[in-house]
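Visitor: Contents are PDB, N, CA and C atoms; file name input-v4.pdb:
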```pdb
ATOM      1  N   MET A   1       0.638   7.636  -1.181  1.00  0.00           N
ATOM      2  CA  MET A   1       1.819   8.273  -0.654  1.00  0.00           C
ATOM      3  C   MET A   1       1.546   8.618   0.812  1.00  0.00           C
ATOM      4  N   SER A   2       2.507   8.335   1.650  1.00  0.00           N
ATOM      5  CA  SER A   2       2.333   8.601   3.081  1.00  0.00           C
ATOM      6  C   SER A   2       2.482  10.095   3.360  1.00  0.00           C
ATOM      7  N   ARG A   3       2.001  10.515   4.504  1.00  0.00           N
ATOM      8  CA  ARG A   3       2.102  11.927   4.892  1.00  0.00           C
ATOM      9  C   ARG A   3       3.558  12.367   5.005  1.00  0.00           C
ATOM     10  N   THR A   4       4.358  11.528   5.607  1.00  0.00           N
ATOM     11  CA  THR A   4       5.780  11.856   5.771  1.00  0.00           C
ATOM     12  C   THR A   4       6.461  11.997   4.419  1.00  0.00           C
ATOM     13  N   ARG A   5       6.152  11.099   3.519  1.00  0.00           N
ATOM     14  CA  ARG A   5       6.779  11.137   2.191  1.00  0.00           C
ATOM     15  C   ARG A   5       6.339  12.379   1.411  1.00  0.00           C
ATOM     16  N   LEU A   6       5.067  12.760   1.525  1.00  0.00           N
ATOM     17  CA  LEU A   6       4.589  13.967   0.849  1.00  0.00           C
ATOM     18  C   LEU A   6       5.264  15.202   1.415  1.00  0.00           C
ATOM     19  N   THR A   7       5.390  15.279   2.726  1.00  0.00           N
ATOM     20  CA  THR A   7       6.060  16.414   3.353  1.00  0.00           C
ATOM     21  C   THR A   7       7.514  16.500   2.896  1.00  0.00           C
ATOM     22  N   THR A   8       8.189  15.358   2.823  1.00  0.00           N
ATOM     23  CA  THR A   8       9.574  15.316   2.354  1.00  0.00           C
ATOM     24  C   THR A   8       9.664  15.759   0.896  1.00  0.00           C
ATOM     25  N   LEU A   9       8.717  15.327   0.078  1.00  0.00           N
ATOM     26  CA  LEU A   9       8.695  15.718  -1.329  1.00  0.00           C
ATOM     27  C   LEU A   9       8.526  17.229  -1.470  1.00  0.00           C
ATOM     28  N   LEU A  10       7.595  17.805  -0.713  1.00  0.00           N
ATOM     29  CA  LEU A  10       7.372  19.246  -0.774  1.00  0.00           C
ATOM     30  C   LEU A  10       8.593  20.018  -0.287  1.00  0.00           C
ATOM     31  N   ALA A  11       9.256  19.499   0.734  1.00  0.00           N
ATOM     32  CA  ALA A  11      10.432  20.180   1.278  1.00  0.00           C
ATOM     33  C   ALA A  11      11.613  20.123   0.318  1.00  0.00           C
ATOM     34  N   GLY A  12      11.765  19.033  -0.400  1.00  0.00           N
ATOM     35  CA  GLY A  12      12.912  18.854  -1.269  1.00  0.00           C
ATOM     36  C   GLY A  12      12.744  19.394  -2.671  1.00  0.00           C
ATOM     37  N   HIS A  13      11.544  19.784  -3.037  1.00  0.00           N
ATOM     38  CA  HIS A  13      11.272  20.258  -4.395  1.00  0.00           C
ATOM     39  C   HIS A  13      11.429  21.774  -4.453  1.00  0.00           C
ATOM     40  N   PRO A  14      12.007  22.324  -5.528  1.00  0.00           N
ATOM     41  CA  PRO A  14      12.101  23.783  -5.656  1.00  0.00           C
ATOM     42  C   PRO A  14      10.707  24.411  -5.686  1.00  0.00           C
ATOM     43  N   ALA A  15      10.623  25.660  -5.294  1.00  0.00           N
ATOM     44  CA  ALA A  15       9.344  26.366  -5.232  1.00  0.00           C
ATOM     45  C   ALA A  15       8.615  26.301  -6.576  1.00  0.00           C
ATOM     46  N   CYS A  16       7.342  25.968  -6.533  1.00  0.00           N
ATOM     47  CA  CYS A  16       6.526  25.858  -7.743  1.00  0.00           C
ATOM     48  C   CYS A  16       5.065  26.090  -7.366  1.00  0.00           C
ATOM     49  N   VAL A  17       4.189  25.999  -8.343  1.00  0.00           N
ATOM     50  CA  VAL A  17       2.751  26.113  -8.103  1.00  0.00           C
ATOM     51  C   VAL A  17       2.223  24.726  -7.756  1.00  0.00           C
ATOM     52  N   VAL A  18       1.496  24.646  -6.636  1.00  0.00           N
ATOM     53  CA  VAL A  18       0.873  23.399  -6.204  1.00  0.00           C
ATOM     54  C   VAL A  18      -0.635  23.622  -6.274  1.00  0.00           C
ATOM     55  N   ALA A  19      -1.309  22.932  -7.179  1.00  0.00           N
ATOM     56  CA  ALA A  19      -2.749  23.080  -7.356  1.00  0.00           C
ATOM     57  C   ALA A  19      -3.450  21.847  -6.803  1.00  0.00           C
ATOM     58  N   MET A  20      -4.513  22.085  -6.032  1.00  0.00           N
ATOM     59  CA  MET A  20      -5.279  20.989  -5.426  1.00  0.00           C
ATOM     60  C   MET A  20      -6.762  21.311  -5.487  1.00  0.00           C
ATOM     61  N   ASP A  21      -7.548  20.260  -5.507  1.00  0.00           N
ATOM     62  CA  ASP A  21      -8.988  20.382  -5.382  1.00  0.00           C
ATOM     63  C   ASP A  21      -9.279  20.862  -3.967  1.00  0.00           C
ATOM     64  N   ALA A  22     -10.112  21.868  -3.808  1.00  0.00           N
ATOM     65  CA  ALA A  22     -10.401  22.420  -2.484  1.00  0.00           C
ATOM     66  C   ALA A  22     -11.294  21.465  -1.697  1.00  0.00           C
ATOM     67  N   CYS A  23     -10.724  20.873  -0.656  1.00  0.00           N
ATOM     68  CA  CYS A  23     -11.466  20.015   0.259  1.00  0.00           C
ATOM     69  C   CYS A  23     -10.812  20.168   1.629  1.00  0.00           C
ATOM     70  N   ALA A  24     -11.350  19.543   2.644  1.00  0.00           N
ATOM     71  CA  ALA A  24     -10.840  19.722   4.006  1.00  0.00           C
ATOM     72  C   ALA A  24      -9.342  19.422   4.128  1.00  0.00           C
ATOM     73  N   PRO A  25      -8.848  18.272   3.668  1.00  0.00           N
ATOM     74  CA  PRO A  25      -7.414  17.995   3.824  1.00  0.00           C
ATOM     75  C   PRO A  25      -6.513  18.903   2.982  1.00  0.00           C
ATOM     76  N   SER A  26      -7.017  19.434   1.886  1.00  0.00           N
ATOM     77  CA  SER A  26      -6.166  20.247   1.032  1.00  0.00           C
ATOM     78  C   SER A  26      -5.762  21.550   1.712  1.00  0.00           C
ATOM     79  N   HIS A  27      -6.558  22.051   2.637  1.00  0.00           N
ATOM     80  CA  HIS A  27      -6.190  23.264   3.361  1.00  0.00           C
ATOM     81  C   HIS A  27      -4.959  23.007   4.228  1.00  0.00           C
ATOM     82  N   HIS A  28      -4.926  21.851   4.873  1.00  0.00           N
ATOM     83  CA  HIS A  28      -3.748  21.477   5.667  1.00  0.00           C
ATOM     84  C   HIS A  28      -2.519  21.349   4.769  1.00  0.00           C
ATOM     85  N   TRP A  29      -2.659  20.609   3.662  1.00  0.00           N
ATOM     86  CA  TRP A  29      -1.514  20.384   2.771  1.00  0.00           C
ATOM     87  C   TRP A  29      -1.099  21.663   2.071  1.00  0.00           C
ATOM     88  N   GLY A  30      -2.041  22.561   1.853  1.00  0.00           N
ATOM     89  CA  GLY A  30      -1.708  23.862   1.288  1.00  0.00           C
ATOM     90  C   GLY A  30      -0.815  24.663   2.226  1.00  0.00           C
ATOM     91  N   ARG A  31      -1.135  24.628   3.512  1.00  0.00           N
ATOM     92  CA  ARG A  31      -0.296  25.321   4.490  1.00  0.00           C
ATOM     93  C   ARG A  31       1.094  24.688   4.569  1.00  0.00           C
ATOM     94  N   VAL A  32       1.151  23.362   4.513  1.00  0.00           N
ATOM     95  CA  VAL A  32       2.446  22.665   4.529  1.00  0.00           C
ATOM     96  C   VAL A  32       3.272  23.079   3.309  1.00  0.00           C
ATOM     97  N   ALA A  33       2.645  23.118   2.136  1.00  0.00           N
ATOM     98  CA  ALA A  33       3.353  23.500   0.917  1.00  0.00           C
ATOM     99  C   ALA A  33       3.832  24.950   0.996  1.00  0.00           C
ATOM    100  N   GLN A  34       3.005  25.837   1.540  1.00  0.00           N
ATOM    101  CA  GLN A  34       3.401  27.237   1.668  1.00  0.00           C
ATOM    102  C   GLN A  34       4.589  27.394   2.604  1.00  0.00           C
ATOM    103  N   GLU A  35       4.643  26.593   3.643  1.00  0.00           N
ATOM    104  CA  GLU A  35       5.778  26.649   4.575  1.00  0.00           C
ATOM    105  C   GLU A  35       7.092  26.340   3.864  1.00  0.00           C
ATOM    106  N   HIS A  36       7.024  25.579   2.781  1.00  0.00           N
ATOM    107  CA  HIS A  36       8.222  25.213   2.029  1.00  0.00           C
ATOM    108  C   HIS A  36       8.421  26.092   0.797  1.00  0.00           C
ATOM    109  N   GLY A  37       7.682  27.207   0.711  1.00  0.00           N
ATOM    110  CA  GLY A  37       7.904  28.188  -0.341  1.00  0.00           C
ATOM    111  C   GLY A  37       7.117  28.006  -1.621  1.00  0.00           C
ATOM    112  N   HIS A  38       6.163  27.099  -1.643  1.00  0.00           N
ATOM    113  CA  HIS A  38       5.366  26.862  -2.850  1.00  0.00           C
ATOM    114  C   HIS A  38       4.180  27.827  -2.915  1.00  0.00           C
ATOM    115  N   GLU A  39       3.731  28.103  -4.129  1.00  0.00           N
ATOM    116  CA  GLU A  39       2.497  28.877  -4.330  1.00  0.00           C
ATOM    117  C   GLU A  39       1.355  27.865  -4.417  1.00  0.00           C
ATOM    118  N   VAL A  40       0.348  28.032  -3.567  1.00  0.00           N
ATOM    119  CA  VAL A  40      -0.747  27.058  -3.491  1.00  0.00           C
ATOM    120  C   VAL A  40      -1.992  27.637  -4.153  1.00  0.00           C
ATOM    121  N   ARG A  41      -2.620  26.816  -4.977  1.00  0.00           N
ATOM    122  CA  ARG A  41      -3.888  27.181  -5.619  1.00  0.00           C
ATOM    123  C   ARG A  41      -4.907  26.098  -5.300  1.00  0.00           C
ATOM    124  N   LEU A  42      -5.900  26.451  -4.499  1.00  0.00           N
ATOM    125  CA  LEU A  42      -6.981  25.524  -4.180  1.00  0.00           C
ATOM    126  C   LEU A  42      -8.150  25.848  -5.102  1.00  0.00           C
ATOM    127  N   VAL A  43      -8.490  24.905  -5.943  1.00  0.00           N
ATOM    128  CA  VAL A  43      -9.524  25.108  -6.960  1.00  0.00           C
ATOM    129  C   VAL A  43     -10.802  24.422  -6.499  1.00  0.00           C
ATOM    130  N   PRO A  44     -11.924  25.165  -6.416  1.00  0.00           N
ATOM    131  CA  PRO A  44     -13.187  24.542  -6.018  1.00  0.00           C
ATOM    132  C   PRO A  44     -13.598  23.427  -6.992  1.00  0.00           C
ATOM    133  N   ALA A  45     -14.175  22.375  -6.450  1.00  0.00           N
ATOM    134  CA  ALA A  45     -14.562  21.219  -7.265  1.00  0.00           C
ATOM    135  C   ALA A  45     -15.517  21.609  -8.392  1.00  0.00           C
ATOM    136  N   ALA A  46     -16.396  22.549  -8.136  1.00  0.00           N
ATOM    137  CA  ALA A  46     -17.350  22.979  -9.163  1.00  0.00           C
ATOM    138  C   ALA A  46     -16.632  23.628 -10.345  1.00  0.00           C
ATOM    139  N   CYS A  47     -15.482  24.227 -10.104  1.00  0.00           N
ATOM    140  CA  CYS A  47     -14.709  24.854 -11.187  1.00  0.00           C
ATOM    141  C   CYS A  47     -13.857  23.844 -11.937  1.00  0.00           C
ATOM    142  N   VAL A  48     -13.593  22.701 -11.314  1.00  0.00           N
ATOM    143  CA  VAL A  48     -12.780  21.663 -11.955  1.00  0.00           C
ATOM    144  C   VAL A  48     -13.632  20.786 -12.865  1.00  0.00           C
ATOM    145  N   LYS A  49     -14.872  20.567 -12.491  1.00  0.00           N
ATOM    146  CA  LYS A  49     -15.742  19.624 -13.200  1.00  0.00           C
ATOM    147  C   LYS A  49     -15.819  19.854 -14.712  1.00  0.00           C
ATOM    148  N   PRO A  50     -15.909  21.096 -15.200  1.00  0.00           N
ATOM    149  CA  PRO A  50     -15.976  21.287 -16.662  1.00  0.00           C
ATOM    150  C   PRO A  50     -14.729  20.830 -17.420  1.00  0.00           C
ATOM    151  N   PHE A  51     -13.616  20.655 -16.717  1.00  0.00           N
ATOM    152  CA  PHE A  51     -12.368  20.285 -17.379  1.00  0.00           C
ATOM    153  C   PHE A  51     -12.113  18.778 -17.377  1.00  0.00           C
ATOM    154  N   VAL A  52     -12.981  17.997 -16.751  1.00  0.00           N
ATOM    155  CA  VAL A  52     -12.827  16.534 -16.761  1.00  0.00           C
ATOM    156  C   VAL A  52     -13.268  16.047 -18.138  1.00  0.00           C
ATOM    157  N   LYS A  53     -12.350  15.395 -18.868  1.00  0.00           N
ATOM    158  CA  LYS A  53     -12.599  15.031 -20.259  1.00  0.00           C
ATOM    159  C   LYS A  53     -13.104  13.604 -20.438  1.00  0.00           C
ATOM    160  N   ARG A  54     -12.913  12.772 -19.441  1.00  0.00           N
ATOM    161  CA  ARG A  54     -13.315  11.367 -19.581  1.00  0.00           C
ATOM    162  C   ARG A  54     -13.758  10.845 -18.225  1.00  0.00           C
ATOM    163  N   GLN A  55     -13.740   9.549 -18.052  1.00  0.00           N
ATOM    164  CA  GLN A  55     -14.214   8.941 -16.812  1.00  0.00           C
ATOM    165  C   GLN A  55     -13.567   9.565 -15.584  1.00  0.00           C
ATOM    166  N   LYS A  56     -14.320   9.552 -14.489  1.00  0.00           N
ATOM    167  CA  LYS A  56     -13.796  10.105 -13.244  1.00  0.00           C
ATOM    168  C   LYS A  56     -12.840   9.103 -12.614  1.00  0.00           C
ATOM    169  N   ASN A  57     -11.574   9.463 -12.578  1.00  0.00           N
ATOM    170  CA  ASN A  57     -10.558   8.681 -11.874  1.00  0.00           C
ATOM    171  C   ASN A  57      -9.473   9.667 -11.434  1.00  0.00           C
ATOM    172  N   ASP A  58      -8.500   9.201 -10.681  1.00  0.00           N
ATOM    173  CA  ASP A  58      -7.483  10.095 -10.131  1.00  0.00           C
ATOM    174  C   ASP A  58      -6.689  10.816 -11.218  1.00  0.00           C
ATOM    175  N   ARG A  59      -6.335  10.090 -12.262  1.00  0.00           N
ATOM    176  CA  ARG A  59      -5.540  10.697 -13.332  1.00  0.00           C
ATOM    177  C   ARG A  59      -6.331  11.785 -14.059  1.00  0.00           C
ATOM    178  N   ALA A  60      -7.587  11.509 -14.378  1.00  0.00           N
ATOM    179  CA  ALA A  60      -8.426  12.492 -15.066  1.00  0.00           C
ATOM    180  C   ALA A  60      -8.676  13.707 -14.169  1.00  0.00           C
ATOM    181  N   ASP A  61      -8.875  13.466 -12.872  1.00  0.00           N
ATOM    182  CA  ASP A  61      -9.072  14.566 -11.929  1.00  0.00           C
ATOM    183  C   ASP A  61      -7.824  15.441 -11.842  1.00  0.00           C
ATOM    184  N   ALA A  62      -6.646  14.818 -11.765  1.00  0.00           N
ATOM    185  CA  ALA A  62      -5.400  15.577 -11.684  1.00  0.00           C
ATOM    186  C   ALA A  62      -5.198  16.428 -12.930  1.00  0.00           C
ATOM    187  N   GLU A  63      -5.504  15.862 -14.089  1.00  0.00           N
ATOM    188  CA  GLU A  63      -5.378  16.609 -15.341  1.00  0.00           C
ATOM    189  C   GLU A  63      -6.345  17.790 -15.364  1.00  0.00           C
ATOM    190  N   ALA A  64      -7.568  17.583 -14.890  1.00  0.00           N
ATOM    191  CA  ALA A  64      -8.564  18.649 -14.865  1.00  0.00           C
ATOM    192  C   ALA A  64      -8.173  19.754 -13.882  1.00  0.00           C
ATOM    193  N   ILE A  65      -7.626  19.381 -12.737  1.00  0.00           N
ATOM    194  CA  ILE A  65      -7.178  20.377 -11.753  1.00  0.00           C
ATOM    195  C   ILE A  65      -6.040  21.209 -12.337  1.00  0.00           C
ATOM    196  N   ALA A  66      -5.094  20.563 -13.005  1.00  0.00           N
ATOM    197  CA  ALA A  66      -3.984  21.282 -13.625  1.00  0.00           C
ATOM    198  C   ALA A  66      -4.489  22.239 -14.698  1.00  0.00           C
ATOM    199  N   GLU A  67      -5.417  21.775 -15.513  1.00  0.00           N
ATOM    200  CA  GLU A  67      -5.987  22.622 -16.571  1.00  0.00           C
ATOM    201  C   GLU A  67      -6.712  23.821 -15.961  1.00  0.00           C
ATOM    202  N   ALA A  68      -7.509  23.589 -14.935  1.00  0.00           N
ATOM    203  CA  ALA A  68      -8.252  24.675 -14.297  1.00  0.00           C
ATOM    204  C   ALA A  68      -7.307  25.673 -13.618  1.00  0.00           C
ATOM    205  N   ALA A  69      -6.246  25.174 -12.998  1.00  0.00           N
ATOM    206  CA  ALA A  69      -5.304  26.045 -12.284  1.00  0.00           C
ATOM    207  C   ALA A  69      -4.522  26.953 -13.220  1.00  0.00           C
ATOM    208  N   MET A  70      -4.376  26.569 -14.467  1.00  0.00           N
ATOM    209  CA  MET A  70      -3.617  27.381 -15.428  1.00  0.00           C
ATOM    210  C   MET A  70      -4.462  28.478 -16.071  1.00  0.00           C
ATOM    211  N   ARG A  71      -5.765  28.439 -15.876  1.00  0.00           N
ATOM    212  CA  ARG A  71      -6.638  29.444 -16.483  1.00  0.00           C
ATOM    213  C   ARG A  71      -6.439  30.795 -15.791  1.00  0.00           C
ATOM    214  N   PRO A  72      -6.241  31.865 -16.569  1.00  0.00           N
ATOM    215  CA  PRO A  72      -5.974  33.181 -15.956  1.00  0.00           C
ATOM    216  C   PRO A  72      -7.172  33.761 -15.208  1.00  0.00           C
ATOM    217  N   THR A  73      -8.391  33.367 -15.554  1.00  0.00           N
ATOM    218  CA  THR A  73      -9.573  33.928 -14.904  1.00  0.00           C
ATOM    219  C   THR A  73     -10.122  33.039 -13.789  1.00  0.00           C
ATOM    220  N   MET A  74      -9.449  31.943 -13.479  1.00  0.00           N
ATOM    221  CA  MET A  74      -9.936  31.026 -12.455  1.00  0.00           C
ATOM    222  C   MET A  74      -9.802  31.661 -11.082  1.00  0.00           C
ATOM    223  N   ARG A  75     -10.786  31.418 -10.237  1.00  0.00           N
ATOM    224  CA  ARG A  75     -10.717  31.931  -8.864  1.00  0.00           C
ATOM    225  C   ARG A  75     -10.176  30.825  -7.956  1.00  0.00           C
ATOM    226  N   PHE A  76      -9.351  31.223  -7.004  1.00  0.00           N
ATOM    227  CA  PHE A  76      -8.728  30.264  -6.094  1.00  0.00           C
ATOM    228  C   PHE A  76      -9.115  30.567  -4.661  1.00  0.00           C
TER     229      PHE A  76
END
```
I need this file expressed as structure tokens, please.
Guide:
Amino acid sequence: MSRTRLTTLLAGHPACVVAMDACAPSHHWGRVAQEHGHEVRLVPAACVKPFVKRQKNDRADAEAIAEAAMRPTMRF
């Protein structure tokens, strides 16, 4: 997905929770999402790793990030 398309998606979507793996680019995208009214949760990679259930790929990582972000005791 291009940067422009992601920005458009964030702008056009109703406010929601946006969870991302904490890395250098995610801080930028977190600020962009916050500008459009979203709640941003940056989850450290070490906290996501226990939730990966199968091979490491984008889909499994996204599922693990979502699972970690929903935990009430997770630190962001």
Visitor: Figure out the distance between CA of Leu42 (chain A) and atom N of Pro25 (chain A), please, to one decimal in Å.
Guide: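 Between atom N of Pro25 (chain A) and CA of Leu42 (chain A) the gap is 10.8 Å.
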Visitor: For Val40 (chain A), which of A:Met20, A:Ala68, A:Leu9, A:Met1 is the closest residue, counting only N, CA and C atoms?
Guide: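 Of the candidates, the smallest distance to Val40 (chain A) is held by A:Met20.
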Visitor: Please report, as a list of chain:residue names, each residue of chain A to which DSSP assigns strand (DSSP E) when run on this structure's backbone.
Guide: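 Here is the list: A:Val17, A:Val18, A:Ala19, A:Met20, A:Asp21, A:Glu39, A:Val40, A:Arg41, A:Leu42, A:Val43.
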Visitor: Using N, CA and C atoms, can you export the residues from the last selection as a CSV table (one decimal), keeping the file's coordinate frame?
Guide:
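Final output, saved to part09.csv:
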```csv
chain,number,residue,atom,x,y,z
A,17,VAL,N,4.2,26.0,-8.3
A,17,VAL,CA,2.8,26.1,-8.1
A,17,VAL,C,2.2,24.7,-7.8
A,18,VAL,N,1.5,24.6,-6.6
A,18,VAL,CA,0.9,23.4,-6.2
A,18,VAL,C,-0.6,23.6,-6.3
A,19,ALA,N,-1.3,22.9,-7.2
A,19,ALA,CA,-2.7,23.1,-7.4
A,19,ALA,C,-3.4,21.8,-6.8
A,20,MET,N,-4.5,22.1,-6.0
A,20,MET,CA,-5.3,21.0,-5.4
A,20,MET,C,-6.8,21.3,-5.5
A,21,ASP,N,-7.5,20.3,-5.5
A,21,ASP,CA,-9.0,20.4,-5.4
A,21,ASP,C,-9.3,20.9,-4.0
A,39,GLU,N,3.7,28.1,-4.1
A,39,GLU,CA,2.5,28.9,-4.3
A,39,GLU,C,1.4,27.9,-4.4
A,40,VAL,N,0.3,28.0,-3.6
A,40,VAL,CA,-0.7,27.1,-3.5
A,40,VAL,C,-2.0,27.6,-4.2
A,41,ARG,N,-2.6,26.8,-5.0
A,41,ARG,CA,-3.9,27.2,-5.6
A,41,ARG,C,-4.9,26.1,-5.3
A,42,LEU,N,-5.9,26.5,-4.5
A,42,LEU,CA,-7.0,25.5,-4.2
A,42,LEU,C,-8.2,25.8,-5.1
A,43,VAL,N,-8.5,24.9,-5.9
A,43,VAL,CA,-9.5,25.1,-7.0
A,43,VAL,C,-10.8,24.4,-6.5
```
Visitor: Glu67 (chain A): which residues within 8 Å, counting all atoms listed in the file, same-chain residues fewer than 4 positions away excluded, as a list in words?
Guide: Val48, Phe51, Asp61, Ala62, Glu63 and Arg71 of chain A
Visitor: Leaving out Arg41 (chain A) and any residue of its chain fewer than 2 positions from it, which residues lie within 8 Å of it when counting only C-alpha atoms, given as a PyMOL selection string?
Guide: chain A and resi 17-20+30+39+43+69+76
Visitor: I'd like the interatomic distance between atom N of Pro50 (chain A) and atom C of Ile65 (chain A), to a tenth of an Å.
Guide: 10.3 Å
Visitor: In Å, rounded to a single decimal, give me how far CA of His38 (chain A) is from atom C of Cys16 (chain A).
Guide: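 We find that atom C of Cys16 (chain A) and CA of His38 (chain A) lie 4.6 Å from each other.
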Visitor: Expanded to explicit residues, what is the PyMOL selection byres (((chain A and resi 37 and name CA) around 9) and name CA) for this file, as an MDAnalysis selection string?
Guide: chainID A and resid 10:11 14:16 33:36 38:39
Visitor: Output as number ranges by chain all residues of chain A that backbone DSSP marks as alpha helix (DSSP H).
Guide: A: 3-12, 24-35, 45-48, 58-69
Visitor: Could you list, as a list in words, every residue within 7 Å of Val52 (chain A), counting only C-alpha atoms and ignoring same-chain residues fewer than 3 positions away?
Guide: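 My reading of the contact set: Lys49, Ala60, Asp61 and Ala64 of chain A.
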Visitor: Once you count only C-alpha atoms, which residues end up no further than 6 Å from (-12.6, 19.9, -5.2) in the file's frame, shown as an NGL selection string?
Guide: :A and (21-23 or 44-45)
Visitor: Report the centre and edge lengths, in Å to one decimal, of an axis-aligned box enclosing every atom of region 33-46 of chain A listed in the file, padded by 6 Å on each side, as JSON.
Guide:
```
{"center_x": -4.5, "center_y": 25.0, "center_z": -2.9, "size_x": 37.8, "size_y": 19.7, "size_z": 26.9}
```
Visitor: Some atoms are absent from region 22-35 of chain A, so rebuild N, CA, C and O atoms and return them as a PDB file, in the frame of the given file.
Guide:
```pdb
ATOM      1  N   ALA A  22     -10.112  21.868  -3.808  1.00  0.00           N
ATOM      2  CA  ALA A  22     -10.401  22.420  -2.484  1.00  0.00           C
ATOM      3  C   ALA A  22     -11.294  21.465  -1.697  1.00  0.00           C
ATOM      4  O   ALA A  22     -12.452  21.251  -2.033  1.00  0.00           O
ATOM      5  N   CYS A  23     -10.724  20.873  -0.656  1.00  0.00           N
ATOM      6  CA  CYS A  23     -11.466  20.015   0.259  1.00  0.00           C
ATOM      7  C   CYS A  23     -10.812  20.168   1.629  1.00  0.00           C
ATOM      8  O   CYS A  23      -9.806  20.858   1.767  1.00  0.00           O
ATOM      9  N   ALA A  24     -11.350  19.543   2.644  1.00  0.00           N
ATOM     10  CA  ALA A  24     -10.840  19.722   4.006  1.00  0.00           C
ATOM     11  C   ALA A  24      -9.342  19.422   4.128  1.00  0.00           C
ATOM     12  O   ALA A  24      -8.588  20.244   4.648  1.00  0.00           O
ATOM     13  N   PRO A  25      -8.848  18.272   3.668  1.00  0.00           N
ATOM     14  CA  PRO A  25      -7.414  17.995   3.824  1.00  0.00           C
ATOM     15  C   PRO A  25      -6.513  18.903   2.982  1.00  0.00           C
ATOM     16  O   PRO A  25      -5.364  19.135   3.340  1.00  0.00           O
ATOM     17  N   SER A  26      -7.017  19.434   1.886  1.00  0.00           N
ATOM     18  CA  SER A  26      -6.166  20.247   1.032  1.00  0.00           C
ATOM     19  C   SER A  26      -5.762  21.550   1.712  1.00  0.00           C
ATOM     20  O   SER A  26      -4.700  22.102   1.411  1.00  0.00           O
ATOM     21  N   HIS A  27      -6.558  22.051   2.637  1.00  0.00           N
ATOM     22  CA  HIS A  27      -6.190  23.264   3.361  1.00  0.00           C
ATOM     23  C   HIS A  27      -4.959  23.007   4.228  1.00  0.00           C
ATOM     24  O   HIS A  27      -4.051  23.833   4.294  1.00  0.00           O
ATOM     25  N   HIS A  28      -4.926  21.851   4.873  1.00  0.00           N
ATOM     26  CA  HIS A  28      -3.748  21.477   5.667  1.00  0.00           C
ATOM     27  C   HIS A  28      -2.519  21.349   4.769  1.00  0.00           C
ATOM     28  O   HIS A  28      -1.466  21.919   5.054  1.00  0.00           O
ATOM     29  N   TRP A  29      -2.659  20.609   3.662  1.00  0.00           N
ATOM     30  CA  TRP A  29      -1.514  20.384   2.771  1.00  0.00           C
ATOM     31  C   TRP A  29      -1.099  21.663   2.071  1.00  0.00           C
ATOM     32  O   TRP A  29       0.068  21.853   1.747  1.00  0.00           O
ATOM     33  N   GLY A  30      -2.041  22.561   1.853  1.00  0.00           N
ATOM     34  CA  GLY A  30      -1.708  23.862   1.288  1.00  0.00           C
ATOM     35  C   GLY A  30      -0.815  24.663   2.226  1.00  0.00           C
ATOM     36  O   GLY A  30       0.159  25.287   1.795  1.00  0.00           O
ATOM     37  N   ARG A  31      -1.135  24.628   3.512  1.00  0.00           N
ATOM     38  CA  ARG A  31      -0.296  25.321   4.490  1.00  0.00           C
ATOM     39  C   ARG A  31       1.094  24.688   4.569  1.00  0.00           C
ATOM     40  O   ARG A  31       2.101  25.389   4.670  1.00  0.00           O
ATOM     41  N   VAL A  32       1.151  23.362   4.513  1.00  0.00           N
ATOM     42  CA  VAL A  32       2.446  22.665   4.529  1.00  0.00           C
ATOM     43  C   VAL A  32       3.272  23.079   3.309  1.00  0.00           C
ATOM     44  O   VAL A  32       4.467  23.371   3.425  1.00  0.00           O
ATOM     45  N   ALA A  33       2.645  23.118   2.136  1.00  0.00           N
ATOM     46  CA  ALA A  33       3.353  23.500   0.917  1.00  0.00           C
ATOM     47  C   ALA A  33       3.832  24.950   0.996  1.00  0.00           C
ATOM     48  O   ALA A  33       4.955  25.263   0.577  1.00  0.00           O
ATOM     49  N   GLN A  34       3.005  25.837   1.540  1.00  0.00           N
ATOM     50  CA  GLN A  34       3.401  27.237   1.668  1.00  0.00           C
ATOM     51  C   GLN A  34       4.589  27.394   2.604  1.00  0.00           C
ATOM     52  O   GLN A  34       5.452  28.246   2.377  1.00  0.00           O
ATOM     53  N   GLU A  35       4.643  26.593   3.643  1.00  0.00           N
ATOM     54  CA  GLU A  35       5.778  26.649   4.575  1.00  0.00           C
ATOM     55  C   GLU A  35       7.092  26.340   3.864  1.00  0.00           C
ATOM     56  O   GLU A  35       8.149  26.796   4.298  1.00  0.00           O
TER      57      GLU A  35
END
```
